[in-house]
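Data file: data.txt. Format and content: compact mmCIF, C-alpha atoms and all ligand atoms.
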```
# COMPACT_ATOMS: atom_id res chain seq x y z
CA MET A 20 0.00 0.00 0.00
CA ALA A 21 1.32 3.40 -0.91
CA VAL A 22 -0.18 5.85 1.55
CA ASP A 23 -0.04 5.74 5.34
CA LEU A 24 -2.09 8.17 7.44
CA LEU A 25 -1.21 9.90 10.64
CA LEU A 26 -4.09 11.37 12.63
CA GLY A 27 -4.89 12.90 16.02
CA LEU A 28 -7.48 10.90 17.96
CA GLN A 29 -8.53 13.53 20.51
CA TRP A 30 -9.19 17.28 20.31
CA GLY A 31 -5.90 18.06 18.54
CA ASP A 32 -2.49 18.90 19.98
CA GLU A 33 -1.61 15.22 20.37
CA GLY A 34 1.92 15.70 18.99
CA LYS A 35 1.45 14.90 15.31
CA GLY A 36 4.26 17.24 14.24
CA LYS A 37 6.81 15.45 16.38
CA ILE A 38 5.86 11.99 15.12
CA VAL A 39 5.76 13.02 11.45
CA ASP A 40 9.25 14.42 11.93
CA VAL A 41 10.38 11.15 13.55
CA LEU A 42 8.81 9.01 10.78
CA THR A 43 9.83 11.12 7.76
CA LYS A 44 13.06 9.14 7.21
CA ASN A 45 10.84 6.22 6.11
CA TYR A 46 8.90 8.22 3.49
CA ASP A 47 9.43 9.90 0.13
CA ILE A 48 6.51 12.32 0.45
CA ILE A 49 4.75 13.98 3.40
CA ALA A 50 1.36 15.44 2.45
CA ARG A 51 -0.95 17.63 4.56
CA PHE A 52 -4.58 16.97 3.68
CA GLN A 53 -6.84 19.34 5.62
CA GLY A 54 -7.04 22.28 8.00
CA GLY A 55 -4.92 25.37 7.77
CA PRO A 56 -2.97 27.71 10.01
CA ASN A 57 -5.31 26.92 12.91
CA ALA A 58 -2.88 24.03 13.38
CA GLY A 59 0.40 24.41 15.22
CA HIS A 60 2.70 21.44 14.69
CA THR A 61 5.61 21.60 17.11
CA LEU A 62 8.95 19.89 16.41
CA GLU A 63 12.02 19.88 18.63
CA PHE A 64 15.52 18.82 17.71
CA ASP A 65 19.08 20.03 18.34
CA GLY A 66 17.75 22.11 21.22
CA ILE A 67 15.51 24.25 18.98
CA LYS A 68 11.72 24.31 18.89
CA HIS A 69 9.87 24.88 15.57
CA VAL A 70 6.19 25.51 15.08
CA LEU A 71 4.71 24.83 11.63
CA HIS A 72 1.16 25.86 10.75
CA THR A 73 0.59 24.93 7.11
CA ILE A 74 3.87 23.47 5.90
CA PRO A 75 4.09 19.68 6.40
CA SER A 76 6.27 18.46 9.26
CA GLY A 77 8.70 16.60 6.99
CA ILE A 78 10.25 19.83 5.74
CA PHE A 79 13.46 19.51 7.78
CA HIS A 80 14.48 16.22 6.13
CA ASP A 81 16.38 16.06 2.84
CA ASN A 82 14.86 12.78 1.72
CA ALA A 83 11.22 13.89 1.54
CA ILE A 84 9.08 16.10 -0.67
CA ASN A 85 6.35 17.99 1.21
CA VAL A 86 2.95 18.49 -0.41
CA VAL A 87 0.24 20.89 0.75
CA GLY A 88 -2.86 19.09 -0.51
CA ASN A 89 -6.10 20.35 -2.05
CA GLY A 90 -7.98 19.91 1.25
CA VAL A 91 -5.80 22.48 3.02
CA VAL A 92 -6.69 26.16 3.32
CA ILE A 93 -3.76 28.56 2.99
CA ASP A 94 -3.33 32.02 4.44
CA PRO A 95 -0.57 33.60 2.31
CA VAL A 96 0.37 35.99 5.13
CA ILE A 97 0.96 33.21 7.66
CA PHE A 98 2.55 31.03 5.00
CA LYS A 99 5.06 33.78 4.24
CA LYS A 100 5.94 34.02 7.95
CA GLU A 101 6.49 30.26 8.05
CA LEU A 102 8.76 30.52 5.02
CA ASP A 103 10.67 33.40 6.63
CA ASN A 104 11.26 31.26 9.72
CA LEU A 105 12.66 28.48 7.54
CA LYS A 106 15.14 30.71 5.72
CA LYS A 107 17.89 30.11 8.27
CA PHE A 108 17.83 26.37 7.48
CA ASP A 109 18.91 26.80 3.87
CA LEU A 110 16.30 24.33 2.57
CA ASP A 111 15.57 24.01 -1.14
CA ILE A 112 11.97 25.14 -0.71
CA LYS A 113 11.20 25.47 -4.41
CA SER A 114 11.74 21.76 -5.03
CA LYS A 115 10.94 20.38 -1.55
CA LEU A 116 7.61 22.10 -1.01
CA LEU A 117 4.80 21.66 -3.54
CA ILE A 118 1.38 23.29 -3.28
CA SER A 119 -1.87 22.01 -4.74
CA ARG A 120 -3.54 24.37 -7.20
CA LYS A 121 -6.85 23.21 -5.71
CA ALA A 122 -6.06 24.35 -2.15
CA HIS A 123 -8.27 27.28 -1.12
CA LEU A 124 -7.01 30.70 -0.07
CA ILE A 125 -7.81 32.39 3.23
CA LEU A 126 -8.47 36.07 2.48
CA PRO A 127 -7.99 38.81 5.10
CA THR A 128 -11.79 39.23 5.09
CA HIS A 129 -12.21 35.53 5.98
CA ARG A 130 -10.30 36.24 9.17
CA LEU A 131 -12.46 39.29 9.86
CA LEU A 132 -15.61 37.28 9.21
CA ASP A 133 -14.40 34.63 11.67
CA ALA A 134 -13.97 37.36 14.31
CA ALA A 135 -17.38 38.89 13.54
CA SER A 136 -19.11 35.51 13.64
CA GLU A 137 -17.51 34.61 16.98
CA ALA A 138 -18.28 38.04 18.48
CA SER A 139 -21.94 37.74 17.42
CA LYS A 140 -22.24 34.35 19.14
CA GLY A 141 -21.38 35.73 22.59
CA LYS A 142 -21.17 32.96 25.18
CA ALA A 143 -21.95 30.31 22.57
CA LYS A 144 -18.75 31.06 20.65
CA ILE A 145 -16.80 28.10 19.26
CA GLY A 146 -13.50 29.37 20.65
CA SER A 147 -12.10 29.48 17.11
CA THR A 148 -8.43 30.24 16.53
CA LEU A 149 -9.76 33.18 14.44
CA LYS A 150 -7.60 32.22 11.46
CA GLY A 151 -10.54 32.40 9.06
CA ILE A 152 -10.92 28.62 8.76
CA GLY A 153 -14.73 28.38 9.02
CA PRO A 154 -15.50 31.21 6.54
CA THR A 155 -12.94 29.84 4.03
CA TYR A 156 -14.43 26.34 4.07
CA MET A 157 -17.91 27.93 3.84
CA ASP A 158 -16.83 29.67 0.64
CA LYS A 159 -15.35 26.40 -0.61
CA THR A 160 -18.54 24.39 -0.11
CA GLY A 161 -20.65 27.39 -1.20
CA ARG A 162 -18.62 27.37 -4.46
CA ASN A 163 -17.41 30.92 -4.04
CA GLY A 164 -13.84 30.34 -2.91
CA MET A 165 -10.52 31.38 -4.40
CA ARG A 166 -7.90 28.74 -5.00
CA ILE A 167 -4.14 28.72 -5.38
CA GLY A 168 -4.60 27.98 -9.10
CA ASP A 169 -6.53 31.25 -9.51
CA LEU A 170 -3.33 33.14 -8.73
CA GLU A 171 -1.99 31.99 -12.10
CA LEU A 172 -4.81 33.88 -13.87
CA ASP A 173 -4.31 37.49 -15.00
CA ASN A 174 -7.58 38.60 -13.42
CA TRP A 175 -7.14 37.06 -9.96
CA LYS A 176 -7.39 40.50 -8.37
CA ASP A 177 -10.91 41.02 -9.85
CA LYS A 178 -12.01 37.73 -8.35
CA TYR A 179 -10.43 38.74 -5.07
CA ARG A 180 -12.16 42.14 -5.06
CA ALA A 181 -15.63 40.69 -5.72
CA LEU A 182 -15.26 38.18 -2.90
CA ALA A 183 -13.75 40.64 -0.42
CA ASP A 184 -16.53 43.19 -1.15
CA LYS A 185 -19.13 40.53 -0.50
CA HIS A 186 -17.40 39.64 2.77
CA GLU A 187 -17.55 43.28 3.88
CA THR A 188 -21.33 43.30 3.60
CA MET A 189 -21.42 40.03 5.54
CA ILE A 190 -19.21 41.53 8.28
CA ASP A 191 -21.64 44.48 8.52
CA PHE A 192 -24.54 42.05 8.77
CA HIS A 193 -23.10 40.62 12.01
CA ASN A 194 -23.49 44.09 13.51
CA VAL A 195 -20.57 43.79 15.94
CA ASP A 196 -17.73 46.15 16.67
CA ILE A 197 -14.76 44.86 14.67
CA GLN A 198 -11.98 47.38 14.03
CA TYR A 199 -9.87 46.88 10.94
CA ASP A 200 -7.91 48.62 8.24
CA LEU A 201 -8.64 46.60 5.13
CA GLN A 202 -6.22 48.51 2.97
CA GLU A 203 -3.35 47.64 5.29
CA LEU A 204 -4.43 44.00 5.42
CA GLU A 205 -4.67 43.88 1.62
CA THR A 206 -1.18 45.31 1.14
CA GLU A 207 0.19 42.63 3.45
CA PHE A 208 -1.87 39.98 1.59
CA CYS A 209 -0.64 41.08 -1.86
CA ASN A 210 2.99 41.13 -0.72
CA ALA A 211 2.59 37.61 0.66
CA ILE A 212 0.96 36.43 -2.58
CA LYS A 213 4.00 37.67 -4.50
CA GLU A 214 6.21 35.41 -2.40
CA LEU A 215 3.79 32.50 -2.60
CA LYS A 216 3.86 32.72 -6.40
CA GLU A 217 7.60 32.03 -6.31
CA LEU A 218 6.82 28.54 -5.01
CA THR A 219 5.87 25.46 -7.02
CA PHE A 220 2.15 24.94 -7.68
CA ILE A 221 1.11 21.48 -8.84
CA ASP A 222 -1.88 19.35 -9.76
CA SER A 223 -1.29 17.42 -6.58
CA GLU A 224 -3.72 14.57 -7.27
CA GLU A 225 -1.84 13.80 -10.50
CA TYR A 226 1.53 14.16 -8.76
CA LEU A 227 0.45 11.79 -5.99
CA TYR A 228 -1.07 9.35 -8.51
CA GLN A 229 2.25 9.08 -10.33
CA ALA A 230 4.09 8.76 -7.02
CA GLN A 231 1.82 5.90 -5.95
CA LYS A 232 2.32 4.22 -9.34
CA GLU A 233 6.07 4.44 -8.89
CA GLY A 234 5.79 2.83 -5.45
CA LYS A 235 6.86 5.95 -3.56
CA LYS A 236 6.10 5.91 0.16
CA ILE A 237 3.68 8.62 1.19
CA LEU A 238 2.64 9.75 4.66
CA ALA A 239 -0.55 11.83 4.89
CA GLU A 240 -0.34 14.25 7.82
CA GLY A 241 -3.57 15.20 9.55
CA ALA A 242 -4.21 18.34 11.54
CA GLN A 243 -6.46 18.94 14.59
CA GLY A 244 -8.06 15.77 16.00
CA SER A 245 -10.94 13.36 15.37
CA LEU A 246 -13.17 14.96 18.00
CA LEU A 247 -12.90 18.24 16.06
CA ASP A 248 -14.07 16.58 12.81
CA ILE A 249 -16.89 18.51 11.13
CA ASP A 250 -19.05 15.34 10.92
CA PHE A 251 -17.94 13.17 13.81
CA GLY A 252 -16.63 15.71 16.32
CA THR A 253 -18.45 17.47 19.15
CA TYR A 254 -20.48 19.64 16.75
CA PRO A 255 -20.81 22.63 16.63
CA TYR A 256 -17.61 22.93 18.71
CA VAL A 257 -15.45 21.56 15.92
CA THR A 258 -13.29 22.77 13.08
CA SER A 259 -14.61 22.98 9.51
CA SER A 260 -12.83 20.06 7.84
CA ASN A 261 -12.82 16.27 8.00
CA THR A 262 -9.94 15.53 10.33
CA THR A 263 -10.63 11.78 10.21
CA ALA A 264 -9.21 9.17 7.79
CA ALA A 265 -11.71 9.85 5.00
CA GLY A 266 -10.41 13.44 4.87
CA ALA A 267 -7.10 12.13 3.52
CA CYS A 268 -8.87 10.66 0.48
CA THR A 269 -10.74 13.86 -0.37
CA GLY A 270 -7.94 16.15 0.76
CA LEU A 271 -5.31 14.52 -1.46
CA GLY A 272 -7.21 12.58 -4.10
CA VAL A 273 -5.94 9.25 -2.78
CA PRO A 274 -8.26 6.28 -3.45
CA PRO A 275 -9.40 4.45 -0.27
CA GLY A 276 -7.91 1.19 -1.53
CA ASN A 277 -4.44 2.73 -1.49
CA ILE A 278 -4.50 3.58 2.20
CA GLY A 279 -2.09 1.42 4.16
CA GLY A 280 -1.32 2.04 7.82
CA VAL A 281 -3.52 4.36 9.85
CA PHE A 282 -1.45 5.72 12.72
CA GLY A 283 -3.51 7.17 15.54
CA ILE A 284 -1.88 9.53 18.02
CA PHE A 285 -3.20 10.24 21.48
CA LYS A 286 -1.91 11.77 24.67
CA ALA A 287 -1.73 9.66 27.85
CA TYR A 288 -4.34 12.14 29.15
CA THR A 289 -6.72 14.51 27.36
CA THR A 290 -6.61 18.20 26.46
CA ARG A 291 -8.91 20.56 24.65
CA VAL A 292 -8.49 24.19 23.62
CA GLY A 293 -11.51 26.34 22.85
CA SER A 294 -15.13 25.79 23.86
CA GLY A 295 -17.22 22.63 23.90
CA PRO A 296 -17.94 19.58 26.02
CA PHE A 297 -15.09 17.68 27.69
CA PRO A 298 -16.39 14.99 30.06
CA THR A 299 -13.10 14.17 31.82
CA GLU A 300 -11.99 17.78 32.28
CA LEU A 301 -10.31 18.46 35.66
CA GLU A 302 -10.80 21.95 36.96
CA ASP A 303 -8.64 21.21 40.00
CA GLU A 304 -5.03 20.89 41.08
CA ILE A 305 -4.51 17.70 39.05
CA GLY A 306 -5.65 19.39 35.83
CA GLU A 307 -3.53 22.40 36.66
CA THR A 308 -0.48 20.15 37.20
CA MET A 309 -1.03 18.39 33.85
CA GLY A 310 -1.20 21.78 32.14
CA ARG A 311 1.93 23.09 33.85
CA VAL A 312 4.08 19.97 33.46
CA GLY A 313 2.81 19.31 29.94
CA ASN A 314 3.25 22.96 28.92
CA GLU A 315 -0.31 22.87 27.65
CA PHE A 316 -0.64 26.15 25.80
CA GLY A 317 -1.98 26.40 22.23
CA ALA A 318 0.89 26.43 19.69
CA THR A 319 -1.12 28.81 17.47
CA THR A 320 -2.96 31.04 19.92
CA GLY A 321 -1.03 30.59 23.20
CA ARG A 322 -4.32 29.90 25.01
CA PRO A 323 -4.09 27.54 28.02
CA ARG A 324 -5.45 24.10 27.15
CA ARG A 325 -8.08 22.46 29.32
CA CYS A 326 -6.75 19.17 30.79
CA GLY A 327 -8.28 15.93 32.10
CA TRP A 328 -7.89 12.16 32.38
CA LEU A 329 -7.79 9.87 29.37
CA ASP A 330 -11.26 9.30 27.93
CA LEU A 331 -11.32 5.74 26.63
CA VAL A 332 -14.94 6.05 25.45
CA ALA A 333 -14.00 8.90 23.11
CA LEU A 334 -10.72 7.23 22.14
CA LYS A 335 -12.46 3.98 21.12
CA TYR A 336 -14.88 6.01 19.02
CA ALA A 337 -11.99 7.74 17.23
CA VAL A 338 -10.11 4.46 16.71
CA ARG A 339 -13.17 2.92 15.08
CA ILE A 340 -14.04 5.83 12.81
CA ASN A 341 -10.49 6.04 11.53
CA GLY A 342 -9.77 2.32 11.28
CA VAL A 343 -6.56 2.83 13.25
CA SER A 344 -3.96 0.10 12.75
CA GLU A 345 -1.21 1.39 15.08
CA LEU A 346 -1.30 3.65 18.11
CA MET A 347 1.21 6.16 19.40
CA MET A 348 0.93 7.40 22.95
CA MET A 349 2.33 10.84 23.64
CA LYS A 350 3.39 12.70 26.79
CA ALA A 351 3.55 9.65 29.08
CA ASP A 352 6.22 11.62 31.00
CA VAL A 353 3.68 14.29 32.02
CA LEU A 354 1.80 11.79 34.19
CA SER A 355 4.94 10.81 36.15
CA GLY A 356 4.47 11.48 39.84
CA PHE A 357 0.70 10.97 40.10
CA LYS A 358 0.06 8.25 42.71
CA THR A 359 -3.16 7.20 41.00
CA ILE A 360 -4.07 7.51 37.34
CA LYS A 361 -7.69 7.44 36.22
CA ILE A 362 -9.14 6.28 32.93
CA CYS A 363 -12.72 7.01 31.89
CA THR A 364 -14.09 3.63 30.76
CA ALA A 365 -17.80 4.49 30.43
CA TYR A 366 -20.28 7.33 30.93
CA LYS A 367 -23.36 7.60 33.07
CA TYR A 368 -25.72 8.96 30.40
CA LYS A 369 -29.26 9.93 31.41
CA GLY A 370 -29.05 7.51 34.36
CA GLU A 371 -27.66 4.58 32.37
CA LYS A 372 -24.09 3.34 31.99
CA VAL A 373 -23.01 3.52 28.35
CA SER A 374 -19.70 2.66 26.73
CA HIS A 375 -20.23 4.37 23.37
CA LEU A 376 -20.05 8.09 22.62
CA PRO A 377 -23.61 9.45 22.86
CA TYR A 378 -24.99 12.20 20.58
CA ASN A 379 -24.67 14.84 23.26
CA ILE A 380 -21.79 14.69 25.74
CA GLU A 381 -22.47 17.96 27.52
CA ALA A 382 -21.73 17.85 31.26
CA LYS A 383 -25.42 17.94 32.16
CA ASN A 384 -25.97 14.61 30.31
CA VAL A 385 -22.75 12.75 30.97
CA THR A 386 -20.76 11.73 34.06
CA PRO A 387 -17.52 9.80 33.52
CA VAL A 388 -17.08 6.38 35.16
CA TYR A 389 -13.42 5.86 36.07
CA LYS A 390 -11.08 2.92 36.50
CA GLU A 391 -8.11 3.67 38.77
CA MET A 392 -4.60 2.42 38.15
CA LYS A 393 -1.34 2.82 40.02
CA GLY A 394 0.80 5.67 38.71
CA TRP A 395 4.52 5.72 38.05
CA GLU A 396 6.92 7.82 40.07
CA LYS A 397 9.91 7.59 37.75
CA ASP A 398 11.13 10.32 35.45
CA LEU A 399 10.74 8.89 31.93
CA THR A 400 12.38 11.68 29.99
CA LYS A 401 15.84 10.09 29.72
CA MET A 402 14.56 6.63 28.78
CA THR A 403 15.26 5.40 25.26
CA LYS A 404 14.19 1.75 25.28
CA ALA A 405 10.90 -0.05 25.96
CA ASP A 406 12.47 -2.33 28.61
CA GLN A 407 13.29 0.73 30.74
CA LEU A 408 9.64 1.72 31.17
CA PRO A 409 8.29 1.27 34.72
CA GLU A 410 6.00 -1.68 35.38
CA THR A 411 3.00 0.45 36.28
CA LEU A 412 3.29 2.34 32.98
CA ASN A 413 3.46 -1.00 31.16
CA ASP A 414 0.26 -2.00 33.00
CA TYR A 415 -1.38 1.22 31.76
CA ILE A 416 -0.23 0.50 28.19
CA ASP A 417 -1.32 -3.15 28.36
CA TYR A 418 -4.76 -2.16 29.59
CA LEU A 419 -5.21 0.36 26.78
CA GLU A 420 -4.01 -2.09 24.12
CA GLU A 421 -6.44 -4.70 25.40
CA GLU A 422 -9.37 -2.27 25.41
CA LEU A 423 -8.58 -0.67 22.06
CA GLU A 424 -7.46 -3.93 20.44
CA ILE A 425 -4.63 -2.09 18.65
CA PRO A 426 -0.90 -2.14 19.49
CA ILE A 427 0.79 0.95 20.92
CA LYS A 428 3.94 1.13 18.81
CA ILE A 429 5.46 4.37 20.06
CA VAL A 430 5.57 5.86 23.56
CA SER A 431 6.77 9.46 23.61
CA VAL A 432 8.53 10.61 26.78
CA GLY A 433 9.38 14.23 25.92
CA PRO A 434 9.14 16.80 23.12
CA ASP A 435 12.52 16.09 21.50
CA ARG A 436 12.89 13.76 18.49
CA LYS A 437 15.17 11.58 20.62
CA GLN A 438 12.62 11.12 23.40
CA THR A 439 10.72 8.52 21.42
CA ILE A 440 10.48 4.86 22.43
CA HIS A 441 9.60 2.30 19.77
CA ARG A 442 7.89 -0.92 20.95
P1 LIG A 501 -11.11 26.88 14.09
O1 LIG A 501 -10.77 25.67 13.33
O2 LIG A 501 -9.97 27.84 14.21
O3 LIG A 501 -12.35 27.57 13.62
O4 LIG A 501 -11.43 26.44 15.60
C1 LIG A 501 -12.51 25.59 15.91
C2 LIG A 501 -12.21 24.79 17.17
O5 LIG A 501 -11.15 23.89 16.90
C3 LIG A 501 -11.75 25.64 18.35
O6 LIG A 501 -12.19 25.02 19.55
C4 LIG A 501 -10.24 25.55 18.26
O7 LIG A 501 -9.62 25.75 19.52
C5 LIG A 501 -10.08 24.13 17.79
N1 LIG A 501 -8.85 23.94 17.02
C6 LIG A 501 -8.59 24.33 15.76
N2 LIG A 501 -7.37 23.96 15.38
C7 LIG A 501 -6.82 23.31 16.42
C8 LIG A 501 -5.58 22.66 16.63
O8 LIG A 501 -4.72 22.58 15.74
N3 LIG A 501 -5.40 22.09 17.86
C9 LIG A 501 -6.35 22.11 18.82
N4 LIG A 501 -7.52 22.70 18.67
C10 LIG A 501 -7.77 23.30 17.48
```

Let me see the structure of the file written as structure tokens.
Amino acid sequence: MAVDLLLGLQWGDEGKGKIVDVLTKNYDIIARFQGGPNAGHTLEFDGIKHVLHTIPSGIFHDNAINVVGNGVVIDPVIFKKELDNLKKFDLDIKSKLLISRKAHLILPTHRLLDAASEASKGKAKIGSTLKGIGPTYMDKTGRNGMRIGDLELDNWKDKYRALADKHETMIDFHNVDIQYDLQELETEFCNAIKELKELTFIDSEEYLYQAQKEGKKILAEGAQGSLLDIDFGTYPYVTSSNTTAAGACTGLGVPPGNIGGVFGIFKAYTTRVGSGPFPTELEDEIGETMGRVGNEFGATTGRPRRCGWLDLVALKYAVRINGVSELMMMKADVLSGFKTIKICTAYKYKGEKVSHLPYNIEAKNVTPVYKEMKGWEKDLTKMTKADQLPETLNDYIDYLEEELEIPIKIVSVGPDRKQTIHR
């Protein structure tokens, strides 16, 4: 099989960037298939931390080509900043980074619309990253969007103007106080487009078809997590793309039959940033400790992430929807020192115990049922081999493997590339 998938199984921020970076040596192509600069993929090596938003996480390796697929939405301004940050690495960006002509563009007015929409929702706001993701995907499905390929047309600015003007009337419609200087934003946008046009635009589905035919190894990199999926996530508190396995087929043009391994990443506990239900959330000292030790702040927005115990009900749901074949457990080191570790194995839902994810998991409907396990005291961060892991952590892993019926192949014990244990 030609294409493996790598996906987050929770509410994002599982550590996909790190694992893609670790796995890239085994692949010829790394391809992002959905989302946009709402993502923040963090990589650490040689004592430096890098955050990528749109560019695939294989960019630092010489052996791999990085493709931004048709399912991704691109903000030229943020993309330019990402490129600027990469300049010091002397990478051959023109040949290493290829962009789908069918990827949609985030306009400055998409960002403003996102802000206006959130402001008009008041307390019911989604907690969006305000990167314009929702409005851009709305224009895509509404058949109004602008795509990378449009930038190759002489009249792209006319198309831009018509869409931006329409957005301005929509911003007014929200009737909220949003301050902006569109002219300034447009100058920044046009400058960024100039730089973007220096890059290589491709018909990515054709490129990937030929690559599959030639037996090239491809890793599709997901963004966000399964519980933020537009169909299967905790709607409406979700993002606007399909973050689950099917999104890789539509976001790259890869036929389902060509999908090989489906690698599911989860944290040893759970986090969520933004609004929406979170049954195992801990608004106490334990949650605060997880956040502090795990440095749980959004890589894109800097917002503190909400923290809680592992939710096995939600994790099983994500494993099933994605058809996960291998699991990777991240941040096991963050739980070191807790005497007792809890795992949510079922919910009390409207008075009954259920072990599947019900339609509505708001706190008023759902109470988590926990299993308790003994924690591990040891510092894991210097460990490099599976036989060094403490027995109680192995018990935790064994229990999860048994429940999920999928092997946990990687245990991550720190943010650096080297802090990765293969099992
Ligand atoms: P949006 O995709 O920016 O509109 O945000 C919608 C919801 O998804 C909000 O709750 C965000 O916090 C969340 N979200 C979006 N991208 C990410 C991500 O990369 N990691 C974690 N949460 C995200």

Residues within 8 Å of Ala318 in chain A, please, as a list in words. Count only C-alpha atoms; anything in the same chain fewer than 6 positions from it doesn't count.
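Once the adjacent positions are removed, what remains is Ala58, Gly59, His60, Thr61 and Val70 of chain A.
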
Excluding Val343 in chain A and residues on its chain fewer than 6 positions from it, collect all residues at most 8 Å away from it, counting all atoms listed in the file, and give them as a ChimeraX atom specification.
/A:280-283,425

Residues of range 282-374 of chain A at most 10 Å from range 406-417 of chain A: nearest atom pair and distance in Å, all atoms listed in the file, as JSON lines:
```
{"residue": "A:Ala287", "atom": "CA", "partner": "A:Ile416", "partner_atom": "CA", "distance": 9.3}
{"residue": "A:Met348", "atom": "CA", "partner": "A:Ile416", "partner_atom": "CA", "distance": 8.7}
{"residue": "A:Ala351", "atom": "CA", "partner": "A:Leu412", "partner_atom": "CA", "distance": 8.3}
{"residue": "A:Asp352", "atom": "CA", "partner": "A:Leu412", "partner_atom": "CA", "distance": 9.9}
{"residue": "A:Leu354", "atom": "CA", "partner": "A:Leu412", "partner_atom": "CA", "distance": 9.6}
{"residue": "A:Ser355", "atom": "CA", "partner": "A:Leu412", "partner_atom": "CA", "distance": 9.2}
{"residue": "A:Ile360", "atom": "CA", "partner": "A:Tyr415", "partner_atom": "CA", "distance": 8.8}
{"residue": "A:Lys361", "atom": "CA", "partner": "A:Tyr415", "partner_atom": "CA", "distance": 9.9}
{"residue": "A:Ile362", "atom": "CA", "partner": "A:Tyr415", "partner_atom": "CA", "distance": 9.3}
```

Store the residues of this selection in a file with C-alpha atoms, as an mmCIF file, in the frame of the given file.
```cif
data_model
loop_
_atom_site.group_PDB
_atom_site.id
_atom_site.type_symbol
_atom_site.label_atom_id
_atom_site.label_comp_id
_atom_site.auth_asym_id
_atom_site.auth_seq_id
_atom_site.Cartn_x
_atom_site.Cartn_y
_atom_site.Cartn_z
ATOM 1 C CA ALA A 287 -1.730 9.660 27.850
ATOM 2 C CA MET A 348 0.930 7.400 22.950
ATOM 3 C CA ALA A 351 3.550 9.650 29.080
ATOM 4 C CA ASP A 352 6.220 11.620 31.000
ATOM 5 C CA LEU A 354 1.800 11.790 34.190
ATOM 6 C CA SER A 355 4.940 10.810 36.150
ATOM 7 C CA ILE A 360 -4.070 7.510 37.340
ATOM 8 C CA LYS A 361 -7.690 7.440 36.220
ATOM 9 C CA ILE A 362 -9.140 6.280 32.930
#
```

List the spatial neighbours of Leu201 in chain A as an mmCIF file with C-alpha atoms, keeping the file's coordinate frame - criterion: any atom at most 9 Å away, all atoms listed in the file, same-chain residues fewer than 4 positions off excluded.
```
data_model
loop_
_atom_site.group_PDB
_atom_site.id
_atom_site.type_symbol
_atom_site.label_atom_id
_atom_site.label_comp_id
_atom_site.auth_asym_id
_atom_site.auth_seq_id
_atom_site.Cartn_x
_atom_site.Cartn_y
_atom_site.Cartn_z
ATOM 1 C CA PRO A 127 -7.990 38.810 5.100
ATOM 2 C CA THR A 128 -11.790 39.230 5.090
ATOM 3 C CA GLU A 205 -4.670 43.880 1.620
ATOM 4 C CA THR A 206 -1.180 45.310 1.140
#
```

Surrounding residues as a PDB file with C-alpha atoms, in the coordinates of the input, ligand LIG 501 (chain A), max 8 Å, only C-alpha atoms and all ligand atoms:
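Output (pocket_30.pdb):
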```
ATOM      1  CA  TRP A  30      -9.190  17.280  20.310  1.00  0.00           C
ATOM      2  CA  GLY A  31      -5.900  18.060  18.540  1.00  0.00           C
ATOM      3  CA  ASP A  32      -2.490  18.900  19.980  1.00  0.00           C
ATOM      4  CA  GLY A  54      -7.040  22.280   8.000  1.00  0.00           C
ATOM      5  CA  PRO A  56      -2.970  27.710  10.010  1.00  0.00           C
ATOM      6  CA  ASN A  57      -5.310  26.920  12.910  1.00  0.00           C
ATOM      7  CA  ALA A  58      -2.880  24.030  13.380  1.00  0.00           C
ATOM      8  CA  GLY A  59       0.400  24.410  15.220  1.00  0.00           C
ATOM      9  CA  HIS A  60       2.700  21.440  14.690  1.00  0.00           C
ATOM     10  CA  ASP A 133     -14.400  34.630  11.670  1.00  0.00           C
ATOM     11  CA  ILE A 145     -16.800  28.100  19.260  1.00  0.00           C
ATOM     12  CA  GLY A 146     -13.500  29.370  20.650  1.00  0.00           C
ATOM     13  CA  SER A 147     -12.100  29.480  17.110  1.00  0.00           C
ATOM     14  CA  THR A 148      -8.430  30.240  16.530  1.00  0.00           C
ATOM     15  CA  LEU A 149      -9.760  33.180  14.440  1.00  0.00           C
ATOM     16  CA  LYS A 150      -7.600  32.220  11.460  1.00  0.00           C
ATOM     17  CA  GLY A 151     -10.540  32.400   9.060  1.00  0.00           C
ATOM     18  CA  ILE A 152     -10.920  28.620   8.760  1.00  0.00           C
ATOM     19  CA  GLY A 153     -14.730  28.380   9.020  1.00  0.00           C
ATOM     20  CA  ALA A 242      -4.210  18.340  11.540  1.00  0.00           C
ATOM     21  CA  GLN A 243      -6.460  18.940  14.590  1.00  0.00           C
ATOM     22  CA  GLY A 244      -8.060  15.770  16.000  1.00  0.00           C
ATOM     23  CA  LEU A 247     -12.900  18.240  16.060  1.00  0.00           C
ATOM     24  CA  TYR A 256     -17.610  22.930  18.710  1.00  0.00           C
ATOM     25  CA  VAL A 257     -15.450  21.560  15.920  1.00  0.00           C
ATOM     26  CA  THR A 258     -13.290  22.770  13.080  1.00  0.00           C
ATOM     27  CA  SER A 259     -14.610  22.980   9.510  1.00  0.00           C
ATOM     28  CA  ARG A 291      -8.910  20.560  24.650  1.00  0.00           C
ATOM     29  CA  VAL A 292      -8.490  24.190  23.620  1.00  0.00           C
ATOM     30  CA  GLY A 293     -11.510  26.340  22.850  1.00  0.00           C
ATOM     31  CA  SER A 294     -15.130  25.790  23.860  1.00  0.00           C
ATOM     32  CA  GLY A 295     -17.220  22.630  23.900  1.00  0.00           C
ATOM     33  CA  GLY A 317      -1.980  26.400  22.230  1.00  0.00           C
ATOM     34  CA  ALA A 318       0.890  26.430  19.690  1.00  0.00           C
ATOM     35  CA  THR A 319      -1.120  28.810  17.470  1.00  0.00           C
TER      36      THR A 319
END
```
